[in-house]
>>> print(open('target_14.cif').read())   # mmCIF, N, CA, C and O atoms and all ligand atoms
data_run
#
loop_
_atom_site.label_atom_id
_atom_site.label_comp_id
_atom_site.auth_asym_id
_atom_site.auth_seq_id
_atom_site.Cartn_x
_atom_site.Cartn_y
_atom_site.Cartn_z
N MET A 119 -80.79 -95.63 156.61
CA MET A 119 -80.71 -94.52 155.64
C MET A 119 -79.33 -93.87 155.75
O MET A 119 -78.88 -93.55 156.84
N ALA A 120 -78.69 -93.65 154.63
CA ALA A 120 -77.37 -93.02 154.66
C ALA A 120 -77.53 -91.50 154.77
O ALA A 120 -78.28 -90.90 154.00
N ILE A 121 -76.85 -90.93 155.70
CA ILE A 121 -76.87 -89.48 155.90
C ILE A 121 -75.45 -88.99 155.68
O ILE A 121 -74.50 -89.60 156.20
N PRO A 122 -75.27 -87.88 154.93
CA PRO A 122 -73.89 -87.43 154.66
C PRO A 122 -73.17 -86.96 155.92
O PRO A 122 -73.77 -86.30 156.77
N ARG A 123 -71.91 -87.33 156.03
CA ARG A 123 -71.07 -86.88 157.14
C ARG A 123 -70.56 -85.48 156.87
O ARG A 123 -70.29 -85.13 155.72
N LEU A 124 -70.41 -84.70 157.93
CA LEU A 124 -69.79 -83.38 157.77
C LEU A 124 -68.32 -83.57 157.37
O LEU A 124 -67.65 -84.51 157.86
N THR A 125 -67.82 -82.67 156.54
CA THR A 125 -66.37 -82.65 156.28
C THR A 125 -65.69 -82.08 157.53
O THR A 125 -66.34 -81.48 158.39
N ASP A 126 -64.38 -82.25 157.63
CA ASP A 126 -63.65 -81.69 158.78
C ASP A 126 -63.84 -80.17 158.85
O ASP A 126 -63.99 -79.60 159.94
N ALA A 127 -63.85 -79.52 157.69
CA ALA A 127 -64.02 -78.06 157.67
C ALA A 127 -65.41 -77.67 158.14
O ALA A 127 -65.57 -76.72 158.92
N GLU A 128 -66.41 -78.40 157.69
CA GLU A 128 -67.80 -78.12 158.13
C GLU A 128 -67.94 -78.35 159.64
O GLU A 128 -68.60 -77.59 160.35
N ARG A 129 -67.31 -79.41 160.11
CA ARG A 129 -67.35 -79.74 161.55
C ARG A 129 -66.70 -78.63 162.37
O ARG A 129 -67.26 -78.16 163.36
N ASP A 130 -65.53 -78.16 161.94
CA ASP A 130 -64.82 -77.11 162.68
C ASP A 130 -65.60 -75.82 162.67
O ASP A 130 -65.66 -75.09 163.66
N GLU A 131 -66.21 -75.52 161.54
CA GLU A 131 -67.02 -74.31 161.42
C GLU A 131 -68.23 -74.39 162.36
O GLU A 131 -68.56 -73.42 163.06
N ALA A 132 -68.86 -75.55 162.41
CA ALA A 132 -70.02 -75.73 163.29
C ALA A 132 -69.61 -75.57 164.76
O ALA A 132 -70.33 -74.93 165.55
N LEU A 133 -68.46 -76.12 165.12
CA LEU A 133 -68.00 -76.05 166.53
C LEU A 133 -67.76 -74.61 166.97
O LEU A 133 -67.96 -74.29 168.14
N LYS A 134 -67.34 -73.77 166.03
CA LYS A 134 -67.11 -72.35 166.37
C LYS A 134 -68.39 -71.70 166.89
O LYS A 134 -68.35 -70.79 167.70
N GLY A 135 -69.52 -72.16 166.38
CA GLY A 135 -70.80 -71.59 166.80
C GLY A 135 -71.44 -72.33 167.96
O GLY A 135 -72.60 -72.08 168.30
N LEU A 136 -70.69 -73.26 168.56
CA LEU A 136 -71.24 -74.07 169.66
C LEU A 136 -70.30 -74.01 170.87
O LEU A 136 -69.63 -75.01 171.20
N PRO A 137 -70.23 -72.85 171.54
CA PRO A 137 -69.32 -72.74 172.67
C PRO A 137 -69.65 -73.75 173.77
O PRO A 137 -70.82 -73.99 174.05
N GLY A 138 -68.62 -74.35 174.31
CA GLY A 138 -68.83 -75.35 175.37
C GLY A 138 -68.79 -76.78 174.83
O GLY A 138 -68.46 -77.71 175.55
N TRP A 139 -69.10 -76.93 173.57
CA TRP A 139 -69.08 -78.26 172.95
C TRP A 139 -67.66 -78.55 172.47
O TRP A 139 -66.95 -77.65 172.01
N THR A 140 -67.26 -79.80 172.61
CA THR A 140 -65.92 -80.19 172.15
C THR A 140 -66.05 -81.39 171.21
O THR A 140 -67.07 -82.09 171.21
N LEU A 141 -65.00 -81.60 170.46
CA LEU A 141 -64.95 -82.77 169.58
C LEU A 141 -64.47 -83.96 170.41
O LEU A 141 -63.51 -83.84 171.19
N SER A 142 -65.14 -85.08 170.29
CA SER A 142 -64.76 -86.28 171.05
C SER A 142 -63.38 -86.76 170.63
O SER A 142 -62.89 -86.42 169.55
N GLU A 143 -62.79 -87.56 171.49
CA GLU A 143 -61.44 -88.07 171.22
C GLU A 143 -61.39 -88.85 169.91
O GLU A 143 -60.40 -88.79 169.17
N ASP A 144 -62.45 -89.58 169.61
CA ASP A 144 -62.47 -90.37 168.38
C ASP A 144 -62.84 -89.53 167.15
O ASP A 144 -62.86 -90.03 166.03
N GLY A 145 -63.17 -88.26 167.37
CA GLY A 145 -63.48 -87.36 166.26
C GLY A 145 -64.84 -87.59 165.62
O GLY A 145 -65.16 -87.00 164.59
N LEU A 146 -65.65 -88.43 166.26
CA LEU A 146 -66.93 -88.80 165.64
C LEU A 146 -68.13 -88.11 166.27
O LEU A 146 -69.27 -88.35 165.85
N ALA A 147 -67.90 -87.28 167.28
CA ALA A 147 -69.05 -86.75 168.03
C ALA A 147 -68.74 -85.39 168.64
O ALA A 147 -67.57 -85.02 168.83
N PHE A 148 -69.82 -84.65 168.95
CA PHE A 148 -69.73 -83.45 169.78
C PHE A 148 -70.10 -83.87 171.20
O PHE A 148 -71.05 -84.65 171.38
N GLU A 149 -69.39 -83.31 172.17
CA GLU A 149 -69.66 -83.67 173.57
C GLU A 149 -69.75 -82.42 174.44
O GLU A 149 -69.09 -81.42 174.16
N ILE A 150 -70.52 -82.55 175.51
CA ILE A 150 -70.60 -81.48 176.50
C ILE A 150 -70.99 -82.10 177.83
O ILE A 150 -71.67 -83.13 177.86
N GLU A 151 -70.51 -81.49 178.92
CA GLU A 151 -70.99 -81.91 180.24
C GLU A 151 -71.73 -80.74 180.86
O GLU A 151 -71.17 -79.65 180.99
N LEU A 152 -72.97 -80.97 181.24
CA LEU A 152 -73.83 -79.92 181.79
C LEU A 152 -74.08 -80.19 183.26
O LEU A 152 -74.21 -81.35 183.68
N GLU A 153 -74.16 -79.10 184.02
CA GLU A 153 -74.43 -79.24 185.46
C GLU A 153 -75.67 -78.45 185.81
O GLU A 153 -75.81 -77.29 185.42
N PHE A 154 -76.58 -79.09 186.54
CA PHE A 154 -77.84 -78.47 186.93
C PHE A 154 -77.88 -78.32 188.45
O PHE A 154 -76.99 -78.78 189.16
N GLY A 155 -78.94 -77.68 188.94
CA GLY A 155 -79.05 -77.44 190.38
C GLY A 155 -79.23 -78.72 191.17
O GLY A 155 -78.71 -78.85 192.29
N ASP A 156 -79.95 -79.64 190.59
CA ASP A 156 -80.23 -80.90 191.29
C ASP A 156 -80.71 -81.93 190.25
O ASP A 156 -80.78 -81.64 189.06
N PHE A 157 -81.06 -83.11 190.73
CA PHE A 157 -81.48 -84.18 189.82
C PHE A 157 -82.77 -83.82 189.08
O PHE A 157 -82.93 -84.12 187.89
N ASN A 158 -83.68 -83.15 189.79
CA ASN A 158 -84.95 -82.78 189.18
C ASN A 158 -84.73 -81.92 187.94
O ASN A 158 -85.34 -82.14 186.89
N GLU A 159 -83.84 -80.95 188.05
CA GLU A 159 -83.56 -80.06 186.91
C GLU A 159 -82.86 -80.83 185.79
O GLU A 159 -83.15 -80.63 184.60
N ALA A 160 -81.93 -81.70 186.17
CA ALA A 160 -81.20 -82.47 185.16
C ALA A 160 -82.17 -83.38 184.40
O ALA A 160 -82.13 -83.47 183.16
N PHE A 161 -83.04 -84.03 185.14
CA PHE A 161 -83.95 -84.96 184.48
C PHE A 161 -85.02 -84.21 183.68
O PHE A 161 -85.46 -84.69 182.62
N GLY A 162 -85.40 -83.02 184.15
CA GLY A 162 -86.32 -82.18 183.38
C GLY A 162 -85.71 -81.82 182.03
O GLY A 162 -86.36 -81.88 180.99
N PHE A 163 -84.43 -81.45 182.07
CA PHE A 163 -83.69 -81.16 180.83
C PHE A 163 -83.70 -82.39 179.91
O PHE A 163 -84.00 -82.30 178.71
N MET A 164 -83.39 -83.53 180.48
CA MET A 164 -83.32 -84.76 179.67
C MET A 164 -84.68 -85.09 179.07
O MET A 164 -84.78 -85.55 177.92
N THR A 165 -85.72 -84.82 179.82
CA THR A 165 -87.07 -85.10 179.30
C THR A 165 -87.38 -84.21 178.11
O THR A 165 -87.91 -84.68 177.09
N ARG A 166 -87.03 -82.93 178.22
CA ARG A 166 -87.29 -82.02 177.10
C ARG A 166 -86.50 -82.43 175.86
O ARG A 166 -87.00 -82.42 174.74
N VAL A 167 -85.25 -82.80 176.08
CA VAL A 167 -84.41 -83.23 174.94
C VAL A 167 -84.96 -84.54 174.36
O VAL A 167 -85.03 -84.71 173.14
N ALA A 168 -85.39 -85.44 175.24
CA ALA A 168 -85.89 -86.74 174.76
C ALA A 168 -87.12 -86.57 173.88
O ALA A 168 -87.24 -87.22 172.83
N LEU A 169 -88.04 -85.69 174.28
CA LEU A 169 -89.25 -85.48 173.47
C LEU A 169 -88.90 -84.89 172.12
O LEU A 169 -89.44 -85.28 171.08
N HIS A 170 -87.98 -83.93 172.14
CA HIS A 170 -87.53 -83.32 170.87
C HIS A 170 -86.81 -84.36 170.01
O HIS A 170 -87.03 -84.44 168.79
N ALA A 171 -85.94 -85.15 170.65
CA ALA A 171 -85.15 -86.15 169.93
C ALA A 171 -86.05 -87.15 169.21
O ALA A 171 -85.80 -87.54 168.07
N ASP A 172 -87.11 -87.54 169.89
CA ASP A 172 -87.98 -88.55 169.28
C ASP A 172 -88.72 -87.97 168.07
O ASP A 172 -88.89 -88.64 167.06
N LYS A 173 -89.13 -86.70 168.20
CA LYS A 173 -89.79 -86.03 167.06
C LYS A 173 -88.82 -85.89 165.90
O LYS A 173 -89.19 -86.07 164.74
N ALA A 174 -87.57 -85.54 166.22
CA ALA A 174 -86.56 -85.30 165.19
C ALA A 174 -85.95 -86.61 164.68
O ALA A 174 -85.17 -86.61 163.73
N ASP A 175 -86.28 -87.73 165.33
CA ASP A 175 -85.69 -89.03 165.01
C ASP A 175 -84.17 -88.97 165.06
O ASP A 175 -83.47 -89.51 164.21
N HIS A 176 -83.68 -88.27 166.08
CA HIS A 176 -82.23 -88.16 166.27
C HIS A 176 -81.96 -88.16 167.76
O HIS A 176 -82.33 -87.21 168.46
N HIS A 177 -81.29 -89.19 168.25
CA HIS A 177 -81.23 -89.45 169.68
C HIS A 177 -79.82 -89.29 170.25
O HIS A 177 -78.86 -89.83 169.68
N PRO A 178 -79.72 -88.58 171.37
CA PRO A 178 -78.40 -88.40 171.98
C PRO A 178 -77.93 -89.65 172.72
O PRO A 178 -78.74 -90.47 173.15
N GLU A 179 -76.62 -89.76 172.86
CA GLU A 179 -76.05 -90.71 173.81
C GLU A 179 -75.75 -89.86 175.03
O GLU A 179 -75.22 -88.75 174.90
N TRP A 180 -76.11 -90.34 176.21
CA TRP A 180 -75.87 -89.51 177.39
C TRP A 180 -75.73 -90.35 178.63
O TRP A 180 -76.09 -91.53 178.67
N PHE A 181 -75.19 -89.66 179.67
CA PHE A 181 -74.90 -90.32 180.93
C PHE A 181 -75.23 -89.32 182.03
O PHE A 181 -74.79 -88.16 181.99
N ASN A 182 -76.05 -89.73 182.98
CA ASN A 182 -76.50 -88.83 184.04
C ASN A 182 -76.09 -89.36 185.41
O ASN A 182 -76.27 -90.54 185.72
N VAL A 183 -75.50 -88.50 186.21
CA VAL A 183 -75.32 -88.80 187.64
C VAL A 183 -75.83 -87.58 188.40
O VAL A 183 -75.28 -86.48 188.25
N TYR A 184 -76.88 -87.77 189.16
CA TYR A 184 -77.51 -86.71 189.98
C TYR A 184 -77.76 -85.44 189.15
O TYR A 184 -78.72 -85.40 188.38
N ASN A 185 -76.92 -84.40 189.32
CA ASN A 185 -77.20 -83.12 188.65
C ASN A 185 -76.34 -82.90 187.42
O ASN A 185 -76.31 -81.80 186.87
N LYS A 186 -75.62 -83.93 187.00
CA LYS A 186 -74.74 -83.77 185.83
C LYS A 186 -75.24 -84.65 184.69
O LYS A 186 -75.65 -85.79 184.92
N VAL A 187 -75.16 -84.09 183.48
CA VAL A 187 -75.54 -84.85 182.29
C VAL A 187 -74.43 -84.68 181.26
O VAL A 187 -74.10 -83.55 180.87
N ARG A 188 -73.83 -85.79 180.86
CA ARG A 188 -72.83 -85.77 179.79
C ARG A 188 -73.54 -86.18 178.51
O ARG A 188 -74.20 -87.22 178.48
N VAL A 189 -73.42 -85.36 177.49
CA VAL A 189 -74.13 -85.62 176.23
C VAL A 189 -73.12 -85.83 175.12
O VAL A 189 -72.14 -85.08 175.00
N ARG A 190 -73.38 -86.84 174.30
CA ARG A 190 -72.55 -87.11 173.12
C ARG A 190 -73.48 -87.17 171.92
O ARG A 190 -74.46 -87.93 171.92
N LEU A 191 -73.19 -86.35 170.93
CA LEU A 191 -74.02 -86.31 169.72
C LEU A 191 -73.24 -86.85 168.54
O LEU A 191 -72.15 -86.37 168.21
N THR A 192 -73.80 -87.85 167.92
CA THR A 192 -73.20 -88.42 166.71
C THR A 192 -74.33 -89.01 165.89
O THR A 192 -75.43 -89.24 166.41
N THR A 193 -74.09 -89.23 164.62
CA THR A 193 -75.13 -89.78 163.76
C THR A 193 -74.73 -91.18 163.34
O THR A 193 -73.80 -91.37 162.55
N HIS A 194 -75.41 -92.16 163.90
CA HIS A 194 -75.06 -93.55 163.63
C HIS A 194 -75.19 -93.87 162.14
O HIS A 194 -74.36 -94.57 161.57
N ASP A 195 -76.24 -93.31 161.54
CA ASP A 195 -76.49 -93.59 160.12
C ASP A 195 -75.46 -92.92 159.20
O ASP A 195 -75.46 -93.18 157.99
N ALA A 196 -74.62 -92.04 159.77
CA ALA A 196 -73.58 -91.38 158.97
C ALA A 196 -72.20 -91.90 159.34
O ALA A 196 -71.21 -91.58 158.68
N GLY A 197 -72.11 -92.63 160.44
CA GLY A 197 -70.80 -93.08 160.92
C GLY A 197 -69.97 -91.92 161.43
O GLY A 197 -68.74 -91.95 161.38
N GLY A 198 -70.63 -90.88 161.93
CA GLY A 198 -69.91 -89.71 162.45
C GLY A 198 -70.86 -88.54 162.55
O GLY A 198 -72.07 -88.71 162.69
N LEU A 199 -70.30 -87.34 162.43
CA LEU A 199 -71.12 -86.14 162.61
C LEU A 199 -71.88 -85.75 161.36
O LEU A 199 -71.38 -85.90 160.24
N SER A 200 -73.09 -85.23 161.56
CA SER A 200 -73.89 -84.72 160.45
C SER A 200 -74.58 -83.43 160.90
O SER A 200 -74.48 -83.03 162.07
N THR A 201 -75.29 -82.83 159.98
CA THR A 201 -76.03 -81.60 160.31
C THR A 201 -77.05 -81.86 161.42
O THR A 201 -77.44 -80.94 162.13
N ARG A 202 -77.49 -83.10 161.58
CA ARG A 202 -78.44 -83.43 162.65
C ARG A 202 -77.85 -83.19 164.03
O ARG A 202 -78.54 -82.81 164.97
N ASP A 203 -76.55 -83.44 164.16
CA ASP A 203 -75.89 -83.21 165.45
C ASP A 203 -75.75 -81.72 165.72
O ASP A 203 -75.88 -81.29 166.87
N VAL A 204 -75.48 -80.96 164.69
CA VAL A 204 -75.40 -79.50 164.85
C VAL A 204 -76.77 -78.98 165.31
O VAL A 204 -76.86 -78.20 166.26
N ALA A 205 -77.82 -79.43 164.65
CA ALA A 205 -79.18 -78.98 165.00
C ALA A 205 -79.53 -79.38 166.44
O ALA A 205 -80.13 -78.60 167.19
N MET A 206 -79.14 -80.58 166.84
CA MET A 206 -79.44 -81.04 168.20
C MET A 206 -78.65 -80.24 169.23
O MET A 206 -79.17 -79.86 170.28
N ALA A 207 -77.39 -79.96 168.93
CA ALA A 207 -76.57 -79.15 169.85
C ALA A 207 -77.19 -77.75 169.98
O ALA A 207 -77.25 -77.19 171.09
N GLN A 208 -77.67 -77.20 168.88
CA GLN A 208 -78.29 -75.87 168.93
C GLN A 208 -79.57 -75.91 169.76
O GLN A 208 -79.86 -75.00 170.53
N PHE A 209 -80.34 -76.98 169.60
CA PHE A 209 -81.57 -77.12 170.39
C PHE A 209 -81.21 -77.16 171.89
O PHE A 209 -81.82 -76.48 172.71
N ILE A 210 -80.21 -77.97 172.23
CA ILE A 210 -79.80 -78.12 173.63
C ILE A 210 -79.31 -76.77 174.17
O ILE A 210 -79.69 -76.35 175.27
N ASP A 211 -78.51 -76.06 173.39
CA ASP A 211 -78.04 -74.74 173.82
C ASP A 211 -79.22 -73.80 174.07
O ASP A 211 -79.15 -72.94 174.95
N GLY A 212 -80.26 -73.97 173.30
CA GLY A 212 -81.43 -73.10 173.43
C GLY A 212 -82.24 -73.33 174.68
O GLY A 212 -83.02 -72.46 175.08
N ILE A 213 -82.08 -74.49 175.30
CA ILE A 213 -82.90 -74.76 176.49
C ILE A 213 -82.10 -74.80 177.80
O ILE A 213 -82.67 -74.93 178.87
N VAL A 214 -80.77 -74.71 177.71
CA VAL A 214 -80.01 -74.71 178.98
C VAL A 214 -79.78 -73.27 179.46
O VAL A 214 -79.87 -72.33 178.71
N1 LIG B 1 -80.04 -91.13 166.42
N2 LIG B 1 -78.03 -90.23 167.01
C1 LIG B 1 -78.76 -90.90 166.14
N3 LIG B 1 -78.20 -91.31 164.97
C2 LIG B 1 -78.92 -91.98 164.06
O1 LIG B 1 -78.37 -92.35 163.02
C3 LIG B 1 -80.28 -92.25 164.33
C4 LIG B 1 -80.81 -91.81 165.53
N4 LIG B 1 -82.09 -92.06 165.83
C5 LIG B 1 -82.94 -92.79 164.98
C6 LIG B 1 -82.33 -93.19 163.71
N5 LIG B 1 -81.07 -92.92 163.42
C7 LIG B 1 -83.19 -93.89 162.73
O2 LIG B 1 -83.08 -93.33 161.45
C8 LIG B 1 -82.92 -95.37 162.56
O3 LIG B 1 -81.61 -95.59 162.16
C9 LIG B 1 -83.30 -96.18 163.74
#
>>> encode(input="target_14.cif", output="structure tokens", more="lines below")
Ligand code: HBI
Amino acid sequence: MAIPRLTDAERDEALKGLPGWTLSEDGLAFEIELEFGDFNEAFGFMTRVALHADKADHHPEWFNVYNKVRVRLTTHDAGGLSTRDVAMAQFIDGIV
């Protein structure tokens, strides 16, 4: 399914409301690195995001080592950023 990509202006506007998130080097994603108290907390976070992601049919790319989770949000069906990534970043901000 084709999903519209955010314009550069829409992307920049969205980033203003997402402190801590940065634009990836390739310009196709929002990224953040989160640090938790331990692995249990990090994996608990990932579990909550995973359940939400599956309901929303929008899945993060991520990398976990012990208490750190690096998250990359992009919309494969758009070939870049979409409103789905903004919504997912907002969800993640709401639970950290
Ligand atoms: N997750 N991040 C991301 N981007 C997508 O385009 C996407 C997804 N999860 C499921 C999904 N698309 C489905 O619509 C199918 O393309 C599998």
>>> closest_atom_pairs(input="target_14.cif", of="range 128-175 of chain A", to="range 205-212 of chain A", cutoff="8 Å", atoms="all atoms listed in the file", output="Markdown table")
| residue | atom | partner | partner_atom | distance |
| --- | --- | --- | --- | --- |
| A:Gly135 | O | A:Gln208 | CA | 6.9 |
| A:Leu136 | CA | A:Ala207 | O | 6.9 |
| A:Pro137 | O | A:Asp211 | CA | 7.3 |
| A:Phe148 | O | A:Ala207 | CA | 7.9 |
| A:Phe163 | O | A:Ile210 | CA | 7.8 |
| A:Val167 | CA | A:Ile210 | CA | 7.0 |
| A:Ala171 | CA | A:Met206 | CA | 7.9 |
>>> residues_near_ligand(input="target_14.cif", ligand="ligand LIG 1 (chain B)", cutoff="6 Å", atoms="all atoms listed in the file", output="PyMOL selection string")
chain A and resi 119+175-178+192-196
>>> residues_around(input="target_14.cif", residues="Leu199 in chain A", least_positions_apart="2", cutoff="7 Å", atoms="only N, CA, C and O atoms", output="PyMOL selection string")
chain A and resi 121-125+145-148+191-193+196-197+201-204
>>> write_last_selection(input="target_14.cif", atoms="N, CA, C and O atoms", output="PDB file, in the frame of the given file")
ATOM      1  N   ILE A 121     -76.850 -90.930 155.700  1.00  0.00           N
ATOM      2  CA  ILE A 121     -76.870 -89.480 155.900  1.00  0.00           C
ATOM      3  C   ILE A 121     -75.450 -88.990 155.680  1.00  0.00           C
ATOM      4  O   ILE A 121     -74.500 -89.600 156.200  1.00  0.00           O
ATOM      5  N   PRO A 122     -75.270 -87.880 154.930  1.00  0.00           N
ATOM      6  CA  PRO A 122     -73.890 -87.430 154.660  1.00  0.00           C
ATOM      7  C   PRO A 122     -73.170 -86.960 155.920  1.00  0.00           C
ATOM      8  O   PRO A 122     -73.770 -86.300 156.770  1.00  0.00           O
ATOM      9  N   ARG A 123     -71.910 -87.330 156.030  1.00  0.00           N
ATOM     10  CA  ARG A 123     -71.070 -86.880 157.140  1.00  0.00           C
ATOM     11  C   ARG A 123     -70.560 -85.480 156.870  1.00  0.00           C
ATOM     12  O   ARG A 123     -70.290 -85.130 155.720  1.00  0.00           O
ATOM     13  N   LEU A 124     -70.410 -84.700 157.930  1.00  0.00           N
ATOM     14  CA  LEU A 124     -69.790 -83.380 157.770  1.00  0.00           C
ATOM     15  C   LEU A 124     -68.320 -83.570 157.370  1.00  0.00           C
ATOM     16  O   LEU A 124     -67.650 -84.510 157.860  1.00  0.00           O
ATOM     17  N   THR A 125     -67.820 -82.670 156.540  1.00  0.00           N
ATOM     18  CA  THR A 125     -66.370 -82.650 156.280  1.00  0.00           C
ATOM     19  C   THR A 125     -65.690 -82.080 157.530  1.00  0.00           C
ATOM     20  O   THR A 125     -66.340 -81.480 158.390  1.00  0.00           O
ATOM     21  N   GLY A 145     -63.170 -88.260 167.370  1.00  0.00           N
ATOM     22  CA  GLY A 145     -63.480 -87.360 166.260  1.00  0.00           C
ATOM     23  C   GLY A 145     -64.840 -87.590 165.620  1.00  0.00           C
ATOM     24  O   GLY A 145     -65.160 -87.000 164.590  1.00  0.00           O
ATOM     25  N   LEU A 146     -65.650 -88.430 166.260  1.00  0.00           N
ATOM     26  CA  LEU A 146     -66.930 -88.800 165.640  1.00  0.00           C
ATOM     27  C   LEU A 146     -68.130 -88.110 166.270  1.00  0.00           C
ATOM     28  O   LEU A 146     -69.270 -88.350 165.850  1.00  0.00           O
ATOM     29  N   ALA A 147     -67.900 -87.280 167.280  1.00  0.00           N
ATOM     30  CA  ALA A 147     -69.050 -86.750 168.030  1.00  0.00           C
ATOM     31  C   ALA A 147     -68.740 -85.390 168.640  1.00  0.00           C
ATOM     32  O   ALA A 147     -67.570 -85.020 168.830  1.00  0.00           O
ATOM     33  N   PHE A 148     -69.820 -84.650 168.950  1.00  0.00           N
ATOM     34  CA  PHE A 148     -69.730 -83.450 169.780  1.00  0.00           C
ATOM     35  C   PHE A 148     -70.100 -83.870 171.200  1.00  0.00           C
ATOM     36  O   PHE A 148     -71.050 -84.650 171.380  1.00  0.00           O
ATOM     37  N   LEU A 191     -73.190 -86.350 170.930  1.00  0.00           N
ATOM     38  CA  LEU A 191     -74.020 -86.310 169.720  1.00  0.00           C
ATOM     39  C   LEU A 191     -73.240 -86.850 168.540  1.00  0.00           C
ATOM     40  O   LEU A 191     -72.150 -86.370 168.210  1.00  0.00           O
ATOM     41  N   THR A 192     -73.800 -87.850 167.920  1.00  0.00           N
ATOM     42  CA  THR A 192     -73.200 -88.420 166.710  1.00  0.00           C
ATOM     43  C   THR A 192     -74.330 -89.010 165.890  1.00  0.00           C
ATOM     44  O   THR A 192     -75.430 -89.240 166.410  1.00  0.00           O
ATOM     45  N   THR A 193     -74.090 -89.230 164.620  1.00  0.00           N
ATOM     46  CA  THR A 193     -75.130 -89.780 163.760  1.00  0.00           C
ATOM     47  C   THR A 193     -74.730 -91.180 163.340  1.00  0.00           C
ATOM     48  O   THR A 193     -73.800 -91.370 162.550  1.00  0.00           O
ATOM     49  N   ALA A 196     -74.620 -92.040 159.770  1.00  0.00           N
ATOM     50  CA  ALA A 196     -73.580 -91.380 158.970  1.00  0.00           C
ATOM     51  C   ALA A 196     -72.200 -91.900 159.340  1.00  0.00           C
ATOM     52  O   ALA A 196     -71.210 -91.580 158.680  1.00  0.00           O
ATOM     53  N   GLY A 197     -72.110 -92.630 160.440  1.00  0.00           N
ATOM     54  CA  GLY A 197     -70.800 -93.080 160.920  1.00  0.00           C
ATOM     55  C   GLY A 197     -69.970 -91.920 161.430  1.00  0.00           C
ATOM     56  O   GLY A 197     -68.740 -91.950 161.380  1.00  0.00           O
ATOM     57  N   THR A 201     -75.290 -82.830 159.980  1.00  0.00           N
ATOM     58  CA  THR A 201     -76.030 -81.600 160.310  1.00  0.00           C
ATOM     59  C   THR A 201     -77.050 -81.860 161.420  1.00  0.00           C
ATOM     60  O   THR A 201     -77.440 -80.940 162.130  1.00  0.00           O
ATOM     61  N   ARG A 202     -77.490 -83.100 161.580  1.00  0.00           N
ATOM     62  CA  ARG A 202     -78.440 -83.430 162.650  1.00  0.00           C
ATOM     63  C   ARG A 202     -77.850 -83.190 164.030  1.00  0.00           C
ATOM     64  O   ARG A 202     -78.540 -82.810 164.970  1.00  0.00           O
ATOM     65  N   ASP A 203     -76.550 -83.440 164.160  1.00  0.00           N
ATOM     66  CA  ASP A 203     -75.890 -83.210 165.450  1.00  0.00           C
ATOM     67  C   ASP A 203     -75.750 -81.720 165.720  1.00  0.00           C
ATOM     68  O   ASP A 203     -75.880 -81.290 166.870  1.00  0.00           O
ATOM     69  N   VAL A 204     -75.480 -80.960 164.690  1.00  0.00           N
ATOM     70  CA  VAL A 204     -75.400 -79.500 164.850  1.00  0.00           C
ATOM     71  C   VAL A 204     -76.770 -78.980 165.310  1.00  0.00           C
ATOM     72  O   VAL A 204     -76.860 -78.200 166.260  1.00  0.00           O
TER      73      VAL A 204
END
>>> residues_near_point(input="target_14.cif", point="(-75.5, -83.1, 183.1)", cutoff="12 Å", atoms="only C-alpha atoms", output="ChimeraX atom specification")
/A:149-164,180-190,210,214
>>> select_by_dssp(input="target_14.cif", residues="range 121-189 of chain A", states="alpha helix (DSSP H)", output="list in words")
Asp126, Ala127, Glu128, Arg129, Asp130, Glu131, Ala132, Leu133, Lys134, Phe157, Asn158, Glu159, Ala160, Phe161, Gly162, Phe163, Met164, Thr165, Arg166, Val167, Ala168, Leu169, His170, Ala171, Asp172, Lys173 and Ala174 of chain A
>>> atom_distance(input="target_14.cif", atom1="CA of Ile213 in chain A", atom2="atom C of Arg166 in chain A")
8.5 Å
>>> select_by_dssp(input="target_14.cif", residues="range 155-206 of chain A", states="strand (DSSP E or B)", output="MDAnalysis selection string")
chainID A and resid 179:183 186:191 193 198
>>> atom_distance(input="target_14.cif", atom1="CA of Glu143 in chain A", atom2="CA of Glu179 in chain A")
15.1 Å
>>> atom_distance(input="target_14.cif", atom1="atom O of Asp126 in chain A", atom2="atom C of His170 in chain A")
25.4 Å
